[in-house]
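Structure record follows, encoded as structure tokens.
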Amino acid sequence: MRRALSALLPWLLPIGLLLAWEIAARTGLLSSRILPAPSATAFAFWDTLRSGALAHHVWVSTQRALLGLAIGGSLGFALGLLNGVFPVAERVLDSS
């Protein structure tokens, strides 16, 4: 019993906060435009997951992030190479 209580104790605060949040959202203390109920968020997550929209949008966001990384990394590598090879480029581009 003591072991179960010590394993459950760290979860009491997060579960209590979620319950308070849910109750406040359902009773109108919190506007759903500002902070929707956790259950509404879970249902929206499940609906977009089932419809395939979530996977599609995650894929599109991942592509954009990787493209930005490739562009930024390429530019940084090219400028670093220029600075390392040509002293004039270092004076002009690496003034900071």
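Just remember, in the structure tokens the first chain shown is A, the second B, etc., residues are 1-based per chain, and ligands are 1-based in the order shown.
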What are the DSSP helix (DSSP H, G or I) residues of chain A, as a ChimeraX atom specification?
/A:2-27,38-51,53-85,87-93
How many Å separate atom CA of A:Leu30 from atom CA of A:Leu18?
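Atom-to-atom, atom CA of A:Leu30 to atom CA of A:Leu18, that is 13.0 Å.
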